[in-house]
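I have placed the structure first, in the form of structure tokens, so that the comments after it can refer back to it.
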Amino acid sequence: MFPMISRFQHFFGDLLCREKEIGEGKEVINRDLYPDIEPYSSGLLKVSHVHSIYWEQSGNPTGYPVVFLHGGPGGGTSPSNRRFFDPEFYRIILFDQRGAGRSIPHACLEENTTWDLVDDIEKLREHLGIPEWQVFGGSWGSTLSLAYSQSHPDKVTSMVLRGIFLLRKKELDWFYEGGAAAIFPDAWEPFRDLIPENERSSFISAYNKRLNSNDLETQHTAAKAWTKWEMMTAHLRPNEENIKRGDDDKFSLAFARIENHFFVNKGFFPSDSYLLDNIEKIRHIKTTIVQGRYDVCCPMMSAWDLHKAWPEAELKVKRGASPSARCPNLTPELKFWNKDHKRMSCSV
């Protein structure tokens, strides 16, 4: 996904090449992900009378279980997500959240809340016969990781979180109500201009109206604009492959409808600071936070607020990193910290 070395990468190349201290030895961070692998099992798990979620397992069938929680919400998983984990050590579980990816029905908002997804994670864990597991999530995946671990702290052995998103009003206002437009004005204007001036007091509400229109063409037009805004800001330099996902009717409809549905409902959390207020429940869980300083979608203020509430969690700030987990400066860090958590698992 990142075939070229950008000026940002050259400028911050020291971050990719520097050595990490491990005990009394040293290890060089490798920028490469693990090789491509295929699932050894997959299926659809019926989690309600409406929804069935796609799941898959790859890596070592008797290995240490790790569950990958994708972003969005509504983003779905991709084969490259398997490559963050050592396939010889990990039993790698991926699944598409309700309405996303290969889960059915597609782009469905009925019975689709944060707490439904938390329940689904537990149903999947029980279905696969896994007593407890490591949790890995970025962006919305970090939100869901926190909500799940706070609901089931005894089922989580450790967490690696990327690009923290706490789904607070100030985060939503920053990205969807004009704050991030100061950095990406060229990407913002098409997103803004779809909405008449008399509805611009809340872009999230205005898009919600169109994404739930009875007219499918209106839905698709709004979905493409919503998705392209996020895809164009997800990298420090434009990533055409990512931006093209906004033109995919199927992907953009699920991504935009589900994401907007969660945001207009404030994540279905009872309070704006709910995840921060419940840190005590997970304070004992070994957690590493990897945050890009220049993440526009999930600005660093959220990772910093989480770290202040939870100083026991290790915060690693990457100066040259963008929001995407496939950012060349984040990829080696995520892989490295999975290896670090693997060492901890082996020592237990």
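Chain labels run A, B, ... following the order of the structure tokens; each chain numbers its residues from 1, and ligands are numbered from 1 in the order shown.
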
Range 298-308 of chain A: which residues within 7 Å, counting only C-alpha atoms, same-chain residues fewer than 6 positions away excluded, as a PyMOL selection string? chain A and resi 139+163-166+276+291-292+315+323

Store the residues of this selection in a file with N, CA and C atoms, as a tab-separated table (two decimals), in the first residue's frame.
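Here's the written file part37.tsv:
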chain	number	residue	atom	x	y	z
A	139	SER	N	-7.79	3.25	15.89
A	139	SER	CA	-8.84	4.20	15.55
A	139	SER	C	-10.14	3.76	16.23
A	163	GLY	N	-3.65	4.82	17.36
A	163	GLY	CA	-4.51	5.93	16.95
A	163	GLY	C	-5.75	6.06	17.82
A	164	ILE	N	-5.57	6.51	19.04
A	164	ILE	CA	-6.65	6.47	20.02
A	164	ILE	C	-7.81	7.38	19.63
A	165	PHE	N	-9.01	6.82	19.74
A	165	PHE	CA	-10.26	7.53	19.47
A	165	PHE	C	-11.21	7.20	20.60
A	166	LEU	N	-11.58	8.23	21.38
A	166	LEU	CA	-12.44	8.04	22.55
A	166	LEU	C	-13.88	8.45	22.28
A	276	LEU	N	-12.78	7.03	29.59
A	276	LEU	CA	-11.79	7.52	30.55
A	276	LEU	C	-12.25	7.29	31.98
A	291	GLN	N	0.90	5.93	18.89
A	291	GLN	CA	0.16	7.08	18.39
A	291	GLN	C	1.01	7.90	17.43
A	292	GLY	N	0.44	8.23	16.26
A	292	GLY	CA	1.10	9.15	15.34
A	292	GLY	C	0.86	10.58	15.76
A	315	LEU	N	2.95	4.62	26.38
A	315	LEU	CA	2.63	5.45	25.22
A	315	LEU	C	3.87	5.63	24.36
A	323	PRO	N	-2.47	8.54	10.33
A	323	PRO	CA	-3.48	7.71	10.99
A	323	PRO	C	-3.46	6.25	10.63

Based on the backbone DSSP call, show me all residues of range 94-221 of chain A assigned strand (DSSP E), as a PyMOL selection string. chain A and resi 94-95+133-139+156-164

Distance query range 80-93 of chain A at most 6 Å, only C-alpha atoms, self and fewer than 5 positions along chain excluded, as JSON, numbers by chain: {"A": [33, 34, 56, 57, 58, 59, 60, 61, 63, 64, 65, 66, 67, 335]}

Keeping N, CA, C and O atoms for every residue in the selection just given, could you write it to a file as a PDB file, in the first residue's frame?
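What follows is the written file out-v1.pdb:
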ATOM      1  N   LEU A  33       6.098  -6.177   7.316  1.00  0.00           N
ATOM      2  CA  LEU A  33       5.101  -7.003   7.987  1.00  0.00           C
ATOM      3  C   LEU A  33       5.453  -8.468   7.772  1.00  0.00           C
ATOM      4  O   LEU A  33       6.331  -8.813   6.980  1.00  0.00           O
ATOM      5  N   TYR A  34       4.756  -9.344   8.471  1.00  0.00           N
ATOM      6  CA  TYR A  34       4.945 -10.776   8.255  1.00  0.00           C
ATOM      7  C   TYR A  34       4.392 -11.151   6.886  1.00  0.00           C
ATOM      8  O   TYR A  34       3.605 -10.407   6.288  1.00  0.00           O
ATOM      9  N   GLU A  56     -12.652 -15.289  10.765  1.00  0.00           N
ATOM     10  CA  GLU A  56     -11.636 -16.169  10.196  1.00  0.00           C
ATOM     11  C   GLU A  56     -10.501 -16.360  11.201  1.00  0.00           C
ATOM     12  O   GLU A  56     -10.294 -15.521  12.086  1.00  0.00           O
ATOM     13  N   GLN A  57      -9.781 -17.456  11.023  1.00  0.00           N
ATOM     14  CA  GLN A  57      -8.599 -17.737  11.839  1.00  0.00           C
ATOM     15  C   GLN A  57      -7.430 -18.052  10.909  1.00  0.00           C
ATOM     16  O   GLN A  57      -7.589 -18.769   9.919  1.00  0.00           O
ATOM     17  N   SER A  58      -6.257 -17.533  11.263  1.00  0.00           N
ATOM     18  CA  SER A  58      -5.040 -17.834  10.512  1.00  0.00           C
ATOM     19  C   SER A  58      -3.888 -17.967  11.492  1.00  0.00           C
ATOM     20  O   SER A  58      -4.051 -17.755  12.691  1.00  0.00           O
ATOM     21  N   GLY A  59      -2.723 -18.334  10.968  1.00  0.00           N
ATOM     22  CA  GLY A  59      -1.573 -18.512  11.843  1.00  0.00           C
ATOM     23  C   GLY A  59      -1.529 -19.892  12.448  1.00  0.00           C
ATOM     24  O   GLY A  59      -1.849 -20.889  11.797  1.00  0.00           O
ATOM     25  N   ASN A  60      -1.167 -19.962  13.723  1.00  0.00           N
ATOM     26  CA  ASN A  60      -0.968 -21.226  14.427  1.00  0.00           C
ATOM     27  C   ASN A  60      -2.267 -21.642  15.135  1.00  0.00           C
ATOM     28  O   ASN A  60      -2.699 -20.969  16.066  1.00  0.00           O
ATOM     29  N   PRO A  61      -2.889 -22.754  14.717  1.00  0.00           N
ATOM     30  CA  PRO A  61      -4.159 -23.166  15.339  1.00  0.00           C
ATOM     31  C   PRO A  61      -4.064 -23.416  16.841  1.00  0.00           C
ATOM     32  O   PRO A  61      -5.071 -23.310  17.551  1.00  0.00           O
ATOM     33  N   GLY A  63      -1.779 -21.705  18.674  1.00  0.00           N
ATOM     34  CA  GLY A  63      -0.979 -20.585  19.146  1.00  0.00           C
ATOM     35  C   GLY A  63      -1.713 -19.685  20.128  1.00  0.00           C
ATOM     36  O   GLY A  63      -2.848 -19.946  20.542  1.00  0.00           O
ATOM     37  N   TYR A  64      -1.043 -18.588  20.470  1.00  0.00           N
ATOM     38  CA  TYR A  64      -1.594 -17.629  21.428  1.00  0.00           C
ATOM     39  C   TYR A  64      -2.659 -16.784  20.728  1.00  0.00           C
ATOM     40  O   TYR A  64      -2.382 -16.147  19.707  1.00  0.00           O
ATOM     41  N   PRO A  65      -3.880 -16.746  21.222  1.00  0.00           N
ATOM     42  CA  PRO A  65      -4.958 -16.063  20.500  1.00  0.00           C
ATOM     43  C   PRO A  65      -4.874 -14.539  20.594  1.00  0.00           C
ATOM     44  O   PRO A  65      -4.651 -13.975  21.657  1.00  0.00           O
ATOM     45  N   VAL A  66      -5.082 -13.886  19.449  1.00  0.00           N
ATOM     46  CA  VAL A  66      -5.173 -12.438  19.378  1.00  0.00           C
ATOM     47  C   VAL A  66      -6.344 -12.088  18.470  1.00  0.00           C
ATOM     48  O   VAL A  66      -6.536 -12.703  17.421  1.00  0.00           O
ATOM     49  N   VAL A  67      -7.143 -11.126  18.884  1.00  0.00           N
ATOM     50  CA  VAL A  67      -8.279 -10.696  18.072  1.00  0.00           C
ATOM     51  C   VAL A  67      -8.010  -9.287  17.563  1.00  0.00           C
ATOM     52  O   VAL A  67      -7.589  -8.406  18.309  1.00  0.00           O
ATOM     53  N   LYS A 335       4.200  -3.954  14.778  1.00  0.00           N
ATOM     54  CA  LYS A 335       4.768  -5.296  14.719  1.00  0.00           C
ATOM     55  C   LYS A 335       5.702  -5.538  15.914  1.00  0.00           C
ATOM     56  O   LYS A 335       5.657  -6.588  16.551  1.00  0.00           O
TER      57      LYS A 335
END

If we count only C-alpha atoms and set the cut-off at 8 Å, which residues sit around Trp140 in chain A, ignoring sequence neighbours fewer than 3 positions away in its own chain? Please answer as JSON, numbers by chain. {"A": [70, 71, 72, 73, 137, 143, 144, 164, 165]}

May I have a table of the residues of range 53-111 of chain A lying at most 12 Å from range 207-223 of chain A, giving each one's closest pair of atoms and their distance in Å to one decimal, counting only C-alpha atoms, ordered by chain and ascending residue number, as a tab-separated table?
residue	atom	partner	partner_atom	distance
A:Gly74	CA	A:Ala223	CA	11.8
A:Ala107	CA	A:Leu211	CA	10.7
A:Cys108	CA	A:Asn212	CA	10.8
A:Leu109	CA	A:Asn212	CA	9.8

Filtering to N, CA, C and O atoms, could you give me those residues as a PDB file, in the first residue's frame?
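Heads up, here's the output in again.pdb:
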ATOM      1  N   GLY A  74     -17.436   0.254  10.560  1.00  0.00           N
ATOM      2  CA  GLY A  74     -17.908  -0.005   9.216  1.00  0.00           C
ATOM      3  C   GLY A  74     -16.811  -0.294   8.228  1.00  0.00           C
ATOM      4  O   GLY A  74     -17.075  -0.560   7.057  1.00  0.00           O
ATOM      5  N   ALA A 107     -24.319  -3.120   5.555  1.00  0.00           N
ATOM      6  CA  ALA A 107     -24.622  -1.714   5.881  1.00  0.00           C
ATOM      7  C   ALA A 107     -25.876  -1.558   6.737  1.00  0.00           C
ATOM      8  O   ALA A 107     -26.488  -0.489   6.765  1.00  0.00           O
ATOM      9  N   CYS A 108     -26.236  -2.594   7.468  1.00  0.00           N
ATOM     10  CA  CYS A 108     -27.460  -2.572   8.274  1.00  0.00           C
ATOM     11  C   CYS A 108     -27.221  -1.861   9.606  1.00  0.00           C
ATOM     12  O   CYS A 108     -26.247  -2.156  10.319  1.00  0.00           O
ATOM     13  N   LEU A 109     -28.117  -0.943   9.958  1.00  0.00           N
ATOM     14  CA  LEU A 109     -27.995  -0.177  11.198  1.00  0.00           C
ATOM     15  C   LEU A 109     -28.850  -0.731  12.330  1.00  0.00           C
ATOM     16  O   LEU A 109     -28.661  -0.356  13.484  1.00  0.00           O
TER      17      LEU A 109
END

Please determine, counting only C-alpha atoms, which residue among A:Met231, A:Leu44, A:Leu253, A:Ile289 has the shortest atom-to-atom distance to Ile104 in chain A.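 Closest to Ile104 in chain A, using only C-alpha atoms: A:Leu44.
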
Option closest in space to Thr233 in chain A, from A:Asp249, A:Asp186, A:Glu132, A:Asp119 [counting only C-alpha atoms]: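 When distances to Thr233 in chain A are compared using only C-alpha atoms, the smallest one comes from A:Asp186.
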
Hey, can you check how far CA of Asn112 in chain A sits from CA of Leu69 in chain A?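 For CA of Asn112 in chain A relative to CA of Leu69 in chain A, the distance reads 15.6 Å.
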
Enumerate the residues of range 183-217 of chain A with a DSSP assignment of helix (DSSP H, G or I), computed from the backbone, and present them as a list of chain:residue names. A:Pro185, A:Asp186, A:Ala187, A:Trp188, A:Glu189, A:Pro190, A:Phe191, A:Arg192, A:Asp193, A:Glu197, A:Asn198, A:Glu199, A:Phe203, A:Ile204, A:Ser205, A:Ala206, A:Tyr207, A:Asn208, A:Lys209, A:Arg210, A:Leu211, A:Leu216, A:Glu217

Residues near range 148-162 of chain A, anyone? I mean within 8 Å using only C-alpha atoms, not counting same-chain ones fewer than 3 positions away, as an mmCIF file with N, CA, C and O atoms, in the first residue's frame.
data_model
loop_
_atom_site.group_PDB
_atom_site.id
_atom_site.type_symbol
_atom_site.label_atom_id
_atom_site.label_comp_id
_atom_site.auth_asym_id
_atom_site.auth_seq_id
_atom_site.Cartn_x
_atom_site.Cartn_y
_atom_site.Cartn_z
ATOM 1 N N VAL A 118 -19.687 -5.357 21.410
ATOM 2 C CA VAL A 118 -19.010 -5.933 22.576
ATOM 3 C C VAL A 118 -19.538 -7.344 22.844
ATOM 4 O O VAL A 118 -18.769 -8.284 23.086
ATOM 5 N N ILE A 121 -18.153 -9.852 20.282
ATOM 6 C CA ILE A 121 -16.774 -10.291 20.546
ATOM 7 C C ILE A 121 -16.782 -11.446 21.540
ATOM 8 O O ILE A 121 -16.071 -12.447 21.364
ATOM 9 N N PRO A 131 -10.337 -19.174 25.992
ATOM 10 C CA PRO A 131 -10.562 -18.684 27.366
ATOM 11 C C PRO A 131 -10.299 -17.182 27.525
ATOM 12 O O PRO A 131 -11.022 -16.484 28.237
ATOM 13 N N GLU A 132 -9.227 -16.698 26.885
ATOM 14 C CA GLU A 132 -8.846 -15.285 26.983
ATOM 15 C C GLU A 132 -7.930 -14.985 25.807
ATOM 16 O O GLU A 132 -7.351 -15.888 25.207
ATOM 17 N N TRP A 133 -7.764 -13.689 25.492
ATOM 18 C CA TRP A 133 -6.955 -13.359 24.325
ATOM 19 C C TRP A 133 -6.380 -11.961 24.400
ATOM 20 O O TRP A 133 -6.800 -11.125 25.197
ATOM 21 N N GLN A 134 -5.363 -11.745 23.558
ATOM 22 C CA GLN A 134 -4.810 -10.411 23.376
ATOM 23 C C GLN A 134 -5.729 -9.644 22.430
ATOM 24 O O GLN A 134 -6.309 -10.223 21.515
ATOM 25 N N VAL A 135 -5.860 -8.326 22.650
ATOM 26 C CA VAL A 135 -6.722 -7.487 21.819
ATOM 27 C C VAL A 135 -5.863 -6.445 21.109
ATOM 28 O O VAL A 135 -4.998 -5.820 21.717
ATOM 29 N N PHE A 136 -6.120 -6.278 19.808
ATOM 30 C CA PHE A 136 -5.365 -5.343 18.972
ATOM 31 C C PHE A 136 -6.369 -4.490 18.210
ATOM 32 O O PHE A 136 -7.225 -5.025 17.503
ATOM 33 N N GLY A 137 -6.307 -3.154 18.351
ATOM 34 C CA GLY A 137 -7.259 -2.304 17.643
ATOM 35 C C GLY A 137 -6.742 -0.899 17.456
ATOM 36 O O GLY A 137 -6.000 -0.373 18.291
ATOM 37 N N GLY A 138 -7.135 -0.282 16.328
ATOM 38 C CA GLY A 138 -6.721 1.083 16.045
ATOM 39 C C GLY A 138 -7.874 1.943 15.594
ATOM 40 O O GLY A 138 -8.852 1.455 15.009
ATOM 41 N N SER A 139 -7.794 3.252 15.893
ATOM 42 C CA SER A 139 -8.843 4.201 15.546
ATOM 43 C C SER A 139 -10.140 3.755 16.232
ATOM 44 O O SER A 139 -10.138 3.575 17.454
ATOM 45 N N GLY A 141 -11.197 0.910 16.254
ATOM 46 C CA GLY A 141 -10.816 -0.359 16.880
ATOM 47 C C GLY A 141 -10.268 -0.156 18.284
ATOM 48 O O GLY A 141 -10.419 -1.021 19.155
ATOM 49 N N SER A 142 -9.631 1.007 18.539
ATOM 50 C CA SER A 142 -9.152 1.286 19.901
ATOM 51 C C SER A 142 -10.334 1.604 20.819
ATOM 52 O O SER A 142 -10.340 1.221 21.988
ATOM 53 N N LEU A 144 -13.409 0.406 20.515
ATOM 54 C CA LEU A 144 -14.075 -0.863 20.792
ATOM 55 C C LEU A 144 -13.228 -1.736 21.713
ATOM 56 O O LEU A 144 -13.771 -2.441 22.579
ATOM 57 N N SER A 145 -11.915 -1.685 21.561
ATOM 58 C CA SER A 145 -11.022 -2.445 22.450
ATOM 59 C C SER A 145 -11.205 -2.014 23.899
ATOM 60 O O SER A 145 -11.263 -2.845 24.816
ATOM 61 N N ASN A 278 -13.815 4.871 33.166
ATOM 62 C CA ASN A 278 -13.827 3.458 33.562
ATOM 63 C C ASN A 278 -12.472 2.774 33.425
ATOM 64 O O ASN A 278 -12.383 1.548 33.369
ATOM 65 N N ILE A 279 -11.411 3.573 33.398
ATOM 66 C CA ILE A 279 -10.057 3.027 33.262
ATOM 67 C C ILE A 279 -9.697 2.114 34.431
ATOM 68 O O ILE A 279 -8.950 1.149 34.272
ATOM 69 N N LYS A 281 -11.131 -0.210 35.720
ATOM 70 C CA LYS A 281 -11.485 -1.612 35.460
ATOM 71 C C LYS A 281 -10.391 -2.358 34.693
ATOM 72 O O LYS A 281 -10.323 -3.581 34.745
ATOM 73 N N ILE A 282 -9.548 -1.622 33.966
ATOM 74 C CA ILE A 282 -8.544 -2.280 33.115
ATOM 75 C C ILE A 282 -7.123 -1.829 33.437
ATOM 76 O O ILE A 282 -6.189 -2.140 32.704
ATOM 77 N N ILE A 285 -4.269 -4.324 33.063
ATOM 78 C CA ILE A 285 -3.997 -4.999 31.792
ATOM 79 C C ILE A 285 -2.803 -4.346 31.097
ATOM 80 O O ILE A 285 -2.787 -3.129 30.875
ATOM 81 N N LYS A 286 -1.803 -5.144 30.756
ATOM 82 C CA LYS A 286 -0.634 -4.608 30.051
ATOM 83 C C LYS A 286 -1.083 -4.067 28.702
ATOM 84 O O LYS A 286 -1.661 -4.784 27.888
ATOM 85 N N THR A 287 -0.788 -2.789 28.476
ATOM 86 C CA THR A 287 -1.255 -2.148 27.246
ATOM 87 C C THR A 287 -0.177 -1.228 26.689
ATOM 88 O O THR A 287 0.498 -0.511 27.435
ATOM 89 N N THR A 288 -0.011 -1.274 25.379
ATOM 90 C CA THR A 288 0.872 -0.362 24.669
ATOM 91 C C THR A 288 0.036 0.480 23.720
ATOM 92 O O THR A 288 -0.768 -0.048 22.959
ATOM 93 N N ILE A 289 0.233 1.788 23.774
ATOM 94 C CA ILE A 289 -0.455 2.729 22.894
ATOM 95 C C ILE A 289 0.563 3.263 21.894
ATOM 96 O O ILE A 289 1.593 3.828 22.286
ATOM 97 N N VAL A 290 0.298 3.081 20.604
ATOM 98 C CA VAL A 290 1.168 3.605 19.548
ATOM 99 C C VAL A 290 0.394 4.703 18.829
ATOM 100 O O VAL A 290 -0.643 4.447 18.224
ATOM 101 N N GLN A 291 0.902 5.926 18.893
ATOM 102 C CA GLN A 291 0.160 7.078 18.387
ATOM 103 C C GLN A 291 1.005 7.902 17.425
ATOM 104 O O GLN A 291 2.146 8.243 17.725
ATOM 105 N N ALA A 325 -2.716 2.398 9.973
ATOM 106 C CA ALA A 325 -1.844 1.371 10.561
ATOM 107 C C ALA A 325 -0.768 0.953 9.587
ATOM 108 O O ALA A 325 0.259 0.414 9.973
ATOM 109 N N LEU A 334 4.003 -1.263 15.428
ATOM 110 C CA LEU A 334 2.922 -2.180 15.783
ATOM 111 C C LEU A 334 3.416 -3.613 15.782
ATOM 112 O O LEU A 334 3.095 -4.394 16.678
ATOM 113 N N TRP A 337 5.665 -4.110 18.911
ATOM 114 C CA TRP A 337 4.998 -4.237 20.202
ATOM 115 C C TRP A 337 4.163 -5.487 20.302
ATOM 116 O O TRP A 337 3.943 -6.001 21.407
ATOM 117 N N ASN A 338 3.725 -6.036 19.169
ATOM 118 C CA ASN A 338 3.121 -7.373 19.211
ATOM 119 C C ASN A 338 4.156 -8.401 19.629
ATOM 120 O O ASN A 338 3.865 -9.332 20.384
ATOM 121 N N HIS A 341 4.634 -8.104 23.375
ATOM 122 C CA HIS A 341 3.542 -8.759 24.100
ATOM 123 C C HIS A 341 3.658 -10.273 23.976
ATOM 124 O O HIS A 341 3.268 -11.004 24.878
#

Surrounding residues of Phe263 in chain A excluding itself and chain neighbours under 5 positions, 9 Å, only C-alpha atoms, as a list of chain:residue names: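 What passes the distance filter is A:Leu167, A:Leu172, A:Ile204, A:Ile258, A:Phe268.
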
Those same residues - N, CA, C and O atoms - I'd like them written as a compact mmCIF listing (two decimals), in the first residue's frame.
# COMPACT_ATOMS: atom_id res chain seq x y z
N LEU A 167 -14.16 8.86 21.05
CA LEU A 167 -15.49 9.21 20.58
C LEU A 167 -16.16 10.29 21.46
O LEU A 167 -17.32 10.18 21.82
N LEU A 172 -15.10 14.51 17.56
CA LEU A 172 -16.02 14.54 16.41
C LEU A 172 -16.08 15.94 15.81
O LEU A 172 -16.09 16.10 14.58
N ILE A 204 -22.52 16.21 10.80
CA ILE A 204 -22.85 14.83 11.14
C ILE A 204 -24.35 14.61 11.00
O ILE A 204 -24.80 13.62 10.41
N ILE A 258 -22.63 3.29 8.72
CA ILE A 258 -22.38 2.76 10.06
C ILE A 258 -21.61 3.76 10.91
O ILE A 258 -21.95 4.02 12.06
N PHE A 268 -23.09 5.55 21.55
CA PHE A 268 -23.99 4.82 22.46
C PHE A 268 -23.42 4.73 23.87
O PHE A 268 -23.76 3.84 24.64

For CA of Leu45 in chain A and CA of Leu124 in chain A, determine how far apart the two atoms are, in Å to one decimal place. 7.5 Å

Calculate how many Å separate CA of His127 in chain A from CA of Val47 in chain A, rounding to one decimal.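 CA of Val47 in chain A lies at a distance of 10.5 Å from CA of His127 in chain A.
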